[in-house]
Amino acid sequence: MTGISDWLLRLLMRAVPEELRDSVLGDLDEEARPGRTQFWRVVQIGRISARFAGARVKDATAGRLAAVRMTATGGPGRDTWKGTGGGGMDGFARDVRFALRTLVRRPAFSVTALAILTLGIGGNVTMFAVVEQVLLTPLPFEKPHELVRVYERRTQVGRERNVVAFPDLADWKAQNEVFSEMVGWTGFAANLTGSDEPVRVLGAATTWEIFEVIGVAPTLGRGFRPEDDLVDAEPVIVLSHALWLQRFGADPDVLGQSVQLDGQSRTVIGVAASGAGYPAYAEFWTPLASDPYGYSRGGHFMNVLARLAEGVTLERARADMQTLALRLEAEYTDTNEGHYTSVFQLAEVEIGDARGRLLFLMAAVGFLQLIVCINLGNMQIVRALGRRTELAVRTAMGAARGRLLSQLVTESVILAVIGGALGLIAGLWAVRLVDLSSLVEVPWVETPTLDLRVFGFTLFACLGTVILTGLLPALRATRDEPASSLRERGGRSPRMSLRNALVGSEVALTVVLLLGAGLTVRSFALLSAVDPGFEAEGVLTADLNLPITDFPTPSDRGRFTDEMLTRLRAVPGVTDAAVTMLIPLAGGDMGRFFTILDRPSPESREDWNARLRVAGAGYFETMRIPIISGRGFTPEDRDDALPVMILNRTMARQYWPDGDPLGARITTAFQGLDTFTVVGVAEDVAHSALDVDPNPEMYLSLSQVPPQELSLVVRTAGNPTALAGAVRRAVREVDPNQPVANMATMEDRVRTALAAPRNLSVAVAVFALFAVLLAMTGVYGVVAYLVRQRTAEIGLRMALGASGKDIIWLVMGQGLAPVLAGVAAGLVVVAMLGGIVNTLLYGVTFRDPVTYAIVTMTLLTVCAFAVWVPARRAVHIPPATALAEE
Amino acid sequence: MNPPFELAIIDNANILSIMTKVTLGELETLVLLAAARRSGDAYAVTIREEILNTAGRDVSRGAVYVTLDRLAKRDLMESWIGDPSPQRGGKAKRYYRLTAAGTSSLGTSLDALRRMADGVDLVQAP
């Protein structure tokens, strides 16, 4: 918060004499220390301003005795009362004073109104600040709207965004006419060793153009040049700003130093700009140093970022790339059949699902604010009704309608301005509490702050509130002929229909919110009830990296793994331990074509594609993944034994619908092996997410194809986090240079997978709860007023023999009519327009009858109660008292 | 070095003439005294600090500013702008010192207090 907040501070300092403002700000700067935030400054300035304002009021009191006397007698000044005074600033100031007095004299009304306004505007400010930060703030790159991600599109398997083969990327680069620049990279984990404790870091091996494409040069040193990207070039590295800070203490002399990455020496040539690296996870970048002809068109591992050339639209880029892909398909039929392209805006890819969730929440708080406004409007109408006689007398005395109108509206303006200011402060506070990472996994997003746009939005919300809550009721209140208002005492109010309409719409909006909450909560409940296929409780996981420089042969890696596992299993409390290549729900995946021996080849190669998993002996037992038939991996499945494979249930069912896959032989090339014998079938596991149907998967034995990157799973009967130290020790004892990364319990990983839907449903449920409370008070207010208006009539009816039950039914019928209409309208609206939330739901659709029934019942019950309380009171009025009202 | 107080220059002849015009509130007295004690380095922050440390009174920032402003308007204090410093976000300090009128009315006030306190036994009964 820099310029804008200074501007806001100065706005707050209006009451401080101008010549003092600078020094006051300076004094506060001087007194700032850790723990005293921007918020502290705002509060201090507010208090100082208030002092000056108070002092000024005190100084001016002497000349205002008349005004004081007027307040003391409880009557407004004569001019104000008559309302014939001219307009202009003088009239406005008088209106403000009058309105302030009126509001102070009705504290119950004012406090309630301000409380719900603060709630509504605060909620909106908070959500808007988040939306602004995520959706409206451009990505931190040069002309970010020109940046696109280019993928391979495989229509046959329904994959829109596949990684790209290097030779294809080279052809794209050479032959496209729509991109000015293009870069490809592949992410990898590596061990950074040297002076400090070894760490495992994530980075990107990239073609040289990465910093050119994003258009943000490194802050220190340089980016890559074409000559860095040659096979025999000197190995270099660019560090991320964060890694430079943490690992190198922001030492500017780091340039030219050499670091050990996976045992290889690399010279540091640059430090990327802070918060503006791509991909965002990268802690370092190294040149791919690639021989373009060294890769096959079958190996897909490149991610591609490109910059649209001047004047090229996204549509044109898509069309052009598609033509190019068709040309490559014709040229390389063997490898490129069915491989097309897709092009997406970078922002769309990075923001992903968050967009829908955020807009949904924004809509929810918008609805809440509408409900707040309607509620407030209703309260204003009640007050206006109470003042009808007063207004009528004043009109009769010659007050212009415009003056009365402006006076009534001024009250709303004051309420909205104070409510807006409180809402802004509440929002400022609430924004700090919002854990953004749980709602959106968007890199580069920082804590949202107050800026001019948020401020403008608040003003807009206040203005809307004024119009909705002030203008409409005021117009109604001042429209009456004075004669009819003066004549009318009791009887049915002409404004009842407007109030009923308002209550109806309030209930309808509440139904919409409540349905939104009901659907997301139900969806979350279904999602958290999904059986992931493994038992998460009691499992600790961690990532390891066995670089080829330290572990040149597969048997070196095998030896390390065996030794580490032996030590781990000896740790007290550990019941099982195993290694695997990809932990479920941790991200990352790998696909592989395969064929089944003794079966005709499929019509299209794409049909026989499965996800590849590599797991060690004891993995299924450690994770408690049930083996459906055959067996899991054992220590005997070593490199000198028969290469074995275990399928998941989906794969077995899909390719052996009637038969038994055990004993079948499957070919797929991996680490020098190509034919595997199926020895078992395991239960499906939720791998990428809980709400995705499982893919066909094949597991290979880790001892037969030991990978470089692997993960550890350890099961204990007790608390798995207590094992962290023992795991680190066991690894260090085998190899002191081996860092242990991303230690997390399996339960944490499941919780993380559920975080976004959980937070979404909690947030919407809270909004809906407020909405229900507001609707309840709204309904209560209307019926209570109705009862008060008709006390005499009720008394008469009871005197004439109507029973208490009859009266209750009468009142409830009238009170519930707008509620029923509102519920029906809300249900219809959601049933018609609810489709937009379908992508946010799991297991239910937006027309889920159970949710509809629950919501309807809940709301009707609540509203019936709100109607019943005043109805019952009506019955207990003694007829004599009631009739005396007449 | 400045003396801690500048009261020595007051002569009795002045007192009567001023007493009739100027009365000081308690906070005003405290602020004037604090400014005199921190003479040369007296601005809102140090004045508030001085009142807190010496008198043991935690006065709000706003009250100090308002009082300083009022005393300046009554010509009991004068102020000038110091040099900006980076530690203060580049904003200058506003230094204050007592004017002659301020010094004498402070003296009057204190004198009155002293005379009133003379002979009063403030030891509380157990």
# chains A, B, ... in the order shown; residues from 1 in each chain; ligands from 1

$ closest_atom_pairs --of "chain B" --to "chain A" --cutoff "9 Å" --atoms "only C-alpha atoms" --output "tab-separated table"
residue	atom	partner	partner_atom	distance
B:Tyr43	CA	A:Asp27	CA	8.8
B:Ala44	CA	A:Asp27	CA	7.4
B:Val45	CA	A:Asp27	CA	6.4
B:Ser60	CA	A:Ile48	CA	8.3
B:Arg61	CA	A:Ile48	CA	6.4
B:Gly62	CA	A:Ile48	CA	3.9
B:Ala63	CA	A:Arg51	CA	6.5
B:Tyr65	CA	A:Ile48	CA	7.6
B:Val66	CA	A:Phe52	CA	5.9
B:Asp69	CA	A:Pro17	CA	8.6
B:Ile81	CA	A:Ser23	CA	8.5
B:Pro84	CA	A:Gly26	CA	8.5
B:Ser85	CA	A:Gly26	CA	8.8
B:Gln87	CA	A:Glu30	CA	6.1
B:Arg88	CA	A:Gly26	CA	4.7
B:Gly89	CA	A:Asp29	CA	6.2
B:Gly90	CA	A:Gly26	CA	7.3
B:Lys91	CA	A:Gly26	CA	4.9
B:Ala92	CA	A:Ser23	CA	5.7
B:Lys93	CA	A:Ser23	CA	5.2
B:Arg94	CA	A:Ser23	CA	5.8

$ write_last_selection --atoms "N, CA and C atoms" --output "PDB file, in the first residue's frame"
ATOM      1  N   TYR B  43       9.221  18.271  19.570  1.00  0.00           N
ATOM      2  CA  TYR B  43       8.151  18.141  18.586  1.00  0.00           C
ATOM      3  C   TYR B  43       7.167  17.113  19.130  1.00  0.00           C
ATOM      4  N   ALA B  44       6.069  16.894  18.417  1.00  0.00           N
ATOM      5  CA  ALA B  44       4.951  16.146  18.999  1.00  0.00           C
ATOM      6  C   ALA B  44       5.397  14.836  19.652  1.00  0.00           C
ATOM      7  N   VAL B  45       6.273  14.096  18.967  1.00  0.00           N
ATOM      8  CA  VAL B  45       6.662  12.774  19.469  1.00  0.00           C
ATOM      9  C   VAL B  45       7.444  12.897  20.779  1.00  0.00           C
ATOM     10  N   SER B  60      -3.001  11.075  24.602  1.00  0.00           N
ATOM     11  CA  SER B  60      -3.170  10.601  23.224  1.00  0.00           C
ATOM     12  C   SER B  60      -2.482  11.554  22.251  1.00  0.00           C
ATOM     13  N   ARG B  61      -2.070  10.970  21.123  1.00  0.00           N
ATOM     14  CA  ARG B  61      -1.396  11.779  20.111  1.00  0.00           C
ATOM     15  C   ARG B  61      -2.248  12.967  19.713  1.00  0.00           C
ATOM     16  N   GLY B  62      -3.527  12.693  19.470  1.00  0.00           N
ATOM     17  CA  GLY B  62      -4.432  13.737  18.995  1.00  0.00           C
ATOM     18  C   GLY B  62      -4.471  14.893  19.992  1.00  0.00           C
ATOM     19  N   ALA B  63      -4.513  14.572  21.281  1.00  0.00           N
ATOM     20  CA  ALA B  63      -4.596  15.625  22.290  1.00  0.00           C
ATOM     21  C   ALA B  63      -3.354  16.494  22.237  1.00  0.00           C
ATOM     22  N   TYR B  65      -1.407  17.036  19.614  1.00  0.00           N
ATOM     23  CA  TYR B  65      -1.443  17.885  18.417  1.00  0.00           C
ATOM     24  C   TYR B  65      -2.397  19.059  18.600  1.00  0.00           C
ATOM     25  N   VAL B  66      -3.600  18.739  19.107  1.00  0.00           N
ATOM     26  CA  VAL B  66      -4.597  19.794  19.254  1.00  0.00           C
ATOM     27  C   VAL B  66      -4.097  20.866  20.217  1.00  0.00           C
ATOM     28  N   ASP B  69      -1.425  22.976  18.662  1.00  0.00           N
ATOM     29  CA  ASP B  69      -2.029  23.866  17.687  1.00  0.00           C
ATOM     30  C   ASP B  69      -2.676  25.055  18.398  1.00  0.00           C
ATOM     31  N   ILE B  81       9.709  24.516  10.846  1.00  0.00           N
ATOM     32  CA  ILE B  81       9.856  23.214  10.189  1.00  0.00           C
ATOM     33  C   ILE B  81      11.307  22.801  10.157  1.00  0.00           C
ATOM     34  N   PRO B  84      13.686  17.316   6.597  1.00  0.00           N
ATOM     35  CA  PRO B  84      13.070  15.991   6.421  1.00  0.00           C
ATOM     36  C   PRO B  84      14.122  14.908   6.615  1.00  0.00           C
ATOM     37  N   SER B  85      13.703  13.745   7.108  1.00  0.00           N
ATOM     38  CA  SER B  85      14.654  12.638   7.234  1.00  0.00           C
ATOM     39  C   SER B  85      14.029  11.377   6.649  1.00  0.00           C
ATOM     40  N   GLN B  87      14.003   8.406   7.695  1.00  0.00           N
ATOM     41  CA  GLN B  87      13.378   7.582   8.726  1.00  0.00           C
ATOM     42  C   GLN B  87      11.924   7.988   8.935  1.00  0.00           C
ATOM     43  N   ARG B  88      11.584   9.226   8.557  1.00  0.00           N
ATOM     44  CA  ARG B  88      10.226   9.724   8.678  1.00  0.00           C
ATOM     45  C   ARG B  88       9.537   9.753   7.335  1.00  0.00           C
ATOM     46  N   GLY B  89       9.952   8.867   6.429  1.00  0.00           N
ATOM     47  CA  GLY B  89       9.330   8.829   5.110  1.00  0.00           C
ATOM     48  C   GLY B  89       9.518  10.145   4.375  1.00  0.00           C
ATOM     49  N   GLY B  90      10.639  10.833   4.648  1.00  0.00           N
ATOM     50  CA  GLY B  90      10.936  12.062   3.923  1.00  0.00           C
ATOM     51  C   GLY B  90      10.125  13.258   4.380  1.00  0.00           C
ATOM     52  N   LYS B  91       9.451  13.113   5.529  1.00  0.00           N
ATOM     53  CA  LYS B  91       8.630  14.236   5.984  1.00  0.00           C
ATOM     54  C   LYS B  91       9.325  14.980   7.114  1.00  0.00           C
ATOM     55  N   ALA B  92       9.151  16.301   7.121  1.00  0.00           N
ATOM     56  CA  ALA B  92       9.868  17.130   8.074  1.00  0.00           C
ATOM     57  C   ALA B  92       9.194  17.098   9.447  1.00  0.00           C
ATOM     58  N   LYS B  93       9.990  17.408  10.477  1.00  0.00           N
ATOM     59  CA  LYS B  93       9.434  17.559  11.818  1.00  0.00           C
ATOM     60  C   LYS B  93       8.948  18.990  11.973  1.00  0.00           C
ATOM     61  N   ARG B  94       7.918  19.191  12.819  1.00  0.00           N
ATOM     62  CA  ARG B  94       7.531  20.558  13.190  1.00  0.00           C
ATOM     63  C   ARG B  94       7.959  20.771  14.641  1.00  0.00           C
TER      64      ARG B  94
END

$ residues_around --residues "A:Glu142" --least-positions-apart "2" --cutoff "7 Å" --atoms "only C-alpha atoms" --output "list in words"
Pro144, Ile214, Gly215 and Val216 of chain A

$ write_last_selection --atoms "C-alpha atoms" --output "PDB file, in the first residue's frame"
ATOM      1  CA  PRO A 144       0.599 -10.446 -20.507  1.00  0.00           C
ATOM      2  CA  ILE A 214       7.894 -13.299 -20.692  1.00  0.00           C
ATOM      3  CA  GLY A 215       9.636  -9.988 -21.400  1.00  0.00           C
ATOM      4  CA  VAL A 216      10.999  -9.606 -17.879  1.00  0.00           C
TER       5      VAL A 216
END

$ select_by_dssp --residues "stretch 3-108 of chain B" --states "helix (DSSP H, G or I)" --output "JSON, numbers by chain"
{"B": [7, 8, 9, 12, 13, 14, 15, 16, 17, 18, 19, 26, 27, 28, 29, 30, 31, 32, 33, 34, 35, 36, 37, 44, 45, 46, 47, 48, 49, 50, 51, 52, 53, 54, 55, 61, 62, 63, 64, 65, 66, 67, 68, 69, 70, 71, 72, 73, 86, 87, 88, 100, 101, 102, 103, 104, 105, 106, 107, 108]}

$ closest_residue --among "A:Ser258, A:Asn648, A:Ser711, A:Asn609" --to "A:Ile627" --atoms "only C-alpha atoms"
A:Asn648

$ residues_around --residues "A:Glu747" --least-positions-apart "4" --cutoff "8 Å" --atoms "only C-alpha atoms" --output "list in words"
Ala536, Glu537, Gly538, Val539 and Arg751 of chain A

$ residues_around --residues "stretch 514-524 of chain A" --least-positions-apart "3" --cutoff "7 Å" --atoms "only C-alpha atoms" --output "ChimeraX atom specification"
/A:510-511,527-528,757-758,761,764-765,768,841-844,846,851-852,855

$ write_last_selection --atoms "N, CA and C atoms" --output "PDB file, in the first residue's frame"
ATOM      1  N   THR A 510     -32.986 -14.928  -0.864  1.00  0.00           N
ATOM      2  CA  THR A 510     -32.483 -15.826   0.173  1.00  0.00           C
ATOM      3  C   THR A 510     -32.542 -17.276  -0.298  1.00  0.00           C
ATOM      4  N   VAL A 511     -33.635 -17.626  -0.987  1.00  0.00           N
ATOM      5  CA  VAL A 511     -33.745 -18.991  -1.514  1.00  0.00           C
ATOM      6  C   VAL A 511     -32.589 -19.274  -2.463  1.00  0.00           C
ATOM      7  N   LEU A 527     -18.149 -35.263  -1.846  1.00  0.00           N
ATOM      8  CA  LEU A 527     -16.748 -35.349  -2.231  1.00  0.00           C
ATOM      9  C   LEU A 527     -15.905 -35.885  -1.083  1.00  0.00           C
ATOM     10  N   SER A 528     -16.194 -35.429   0.138  1.00  0.00           N
ATOM     11  CA  SER A 528     -15.350 -35.903   1.237  1.00  0.00           C
ATOM     12  C   SER A 528     -15.701 -37.337   1.619  1.00  0.00           C
ATOM     13  N   PRO A 757     -13.183 -26.870  -2.324  1.00  0.00           N
ATOM     14  CA  PRO A 757     -14.629 -27.039  -2.161  1.00  0.00           C
ATOM     15  C   PRO A 757     -15.099 -26.803  -0.729  1.00  0.00           C
ATOM     16  N   ARG A 758     -14.258 -27.141   0.261  1.00  0.00           N
ATOM     17  CA  ARG A 758     -14.676 -26.922   1.640  1.00  0.00           C
ATOM     18  C   ARG A 758     -14.811 -25.435   1.920  1.00  0.00           C
ATOM     19  N   SER A 761     -17.820 -23.926   0.243  1.00  0.00           N
ATOM     20  CA  SER A 761     -19.117 -24.212   0.851  1.00  0.00           C
ATOM     21  C   SER A 761     -19.254 -23.512   2.195  1.00  0.00           C
ATOM     22  N   VAL A 764     -20.080 -19.759   1.370  1.00  0.00           N
ATOM     23  CA  VAL A 764     -21.452 -19.564   0.893  1.00  0.00           C
ATOM     24  C   VAL A 764     -22.446 -19.853   2.012  1.00  0.00           C
ATOM     25  N   ALA A 765     -22.144 -20.848   2.845  1.00  0.00           N
ATOM     26  CA  ALA A 765     -23.065 -21.183   3.934  1.00  0.00           C
ATOM     27  C   ALA A 765     -23.173 -20.022   4.924  1.00  0.00           C
ATOM     28  N   ALA A 768     -25.307 -17.424   3.386  1.00  0.00           N
ATOM     29  CA  ALA A 768     -26.709 -17.857   3.374  1.00  0.00           C
ATOM     30  C   ALA A 768     -27.312 -17.729   4.771  1.00  0.00           C
ATOM     31  N   LEU A 841     -19.896 -28.179  -8.919  1.00  0.00           N
ATOM     32  CA  LEU A 841     -20.549 -29.190  -8.098  1.00  0.00           C
ATOM     33  C   LEU A 841     -20.008 -30.583  -8.391  1.00  0.00           C
ATOM     34  N   TYR A 842     -20.040 -31.432  -7.378  1.00  0.00           N
ATOM     35  CA  TYR A 842     -19.649 -32.818  -7.554  1.00  0.00           C
ATOM     36  C   TYR A 842     -20.771 -33.696  -7.035  1.00  0.00           C
ATOM     37  N   GLY A 843     -21.254 -34.589  -7.851  1.00  0.00           N
ATOM     38  CA  GLY A 843     -22.212 -35.586  -7.382  1.00  0.00           C
ATOM     39  C   GLY A 843     -23.650 -35.105  -7.320  1.00  0.00           C
ATOM     40  N   VAL A 844     -23.892 -33.798  -7.393  1.00  0.00           N
ATOM     41  CA  VAL A 844     -25.260 -33.295  -7.454  1.00  0.00           C
ATOM     42  C   VAL A 844     -25.358 -32.356  -8.651  1.00  0.00           C
ATOM     43  N   PHE A 846     -27.566 -28.906 -10.323  1.00  0.00           N
ATOM     44  CA  PHE A 846     -28.200 -27.723  -9.748  1.00  0.00           C
ATOM     45  C   PHE A 846     -29.703 -27.926  -9.607  1.00  0.00           C
ATOM     46  N   THR A 851     -31.927 -31.182  -2.175  1.00  0.00           N
ATOM     47  CA  THR A 851     -31.522 -29.860  -1.697  1.00  0.00           C
ATOM     48  C   THR A 851     -32.690 -28.883  -1.759  1.00  0.00           C
ATOM     49  N   TYR A 852     -33.431 -28.937  -2.874  1.00  0.00           N
ATOM     50  CA  TYR A 852     -34.568 -28.020  -3.010  1.00  0.00           C
ATOM     51  C   TYR A 852     -35.552 -28.225  -1.866  1.00  0.00           C
ATOM     52  N   VAL A 855     -34.107 -26.926   1.501  1.00  0.00           N
ATOM     53  CA  VAL A 855     -34.072 -25.468   1.548  1.00  0.00           C
ATOM     54  C   VAL A 855     -35.475 -24.904   1.738  1.00  0.00           C
TER      55      VAL A 855
END

$ closest_residue --among "A:Met798, A:Gln708, A:Leu368, A:Ala330" --to "A:Val766" --atoms "only C-alpha atoms"
A:Leu368

$ select_by_dssp --residues "stretch 500-542 of chain A" --states "strand (DSSP E or B)" --output "list in words"
Val539, Leu540, Thr541 and Ala542 of chain A

$ residues_around --residues "stretch 866-881 of chain A" --least-positions-apart "3" --cutoff "7 Å" --atoms "only C-alpha atoms" --output "PyMOL selection string"
chain A and resi 776+779-780+783-784+787+791+795-796+798-799+804+807-808+811-812+815+862-863+884-885

$ atom_distance --atom1 "atom CA of A:Leu358" --atom2 "atom CA of A:Glu132"
10.0 Å
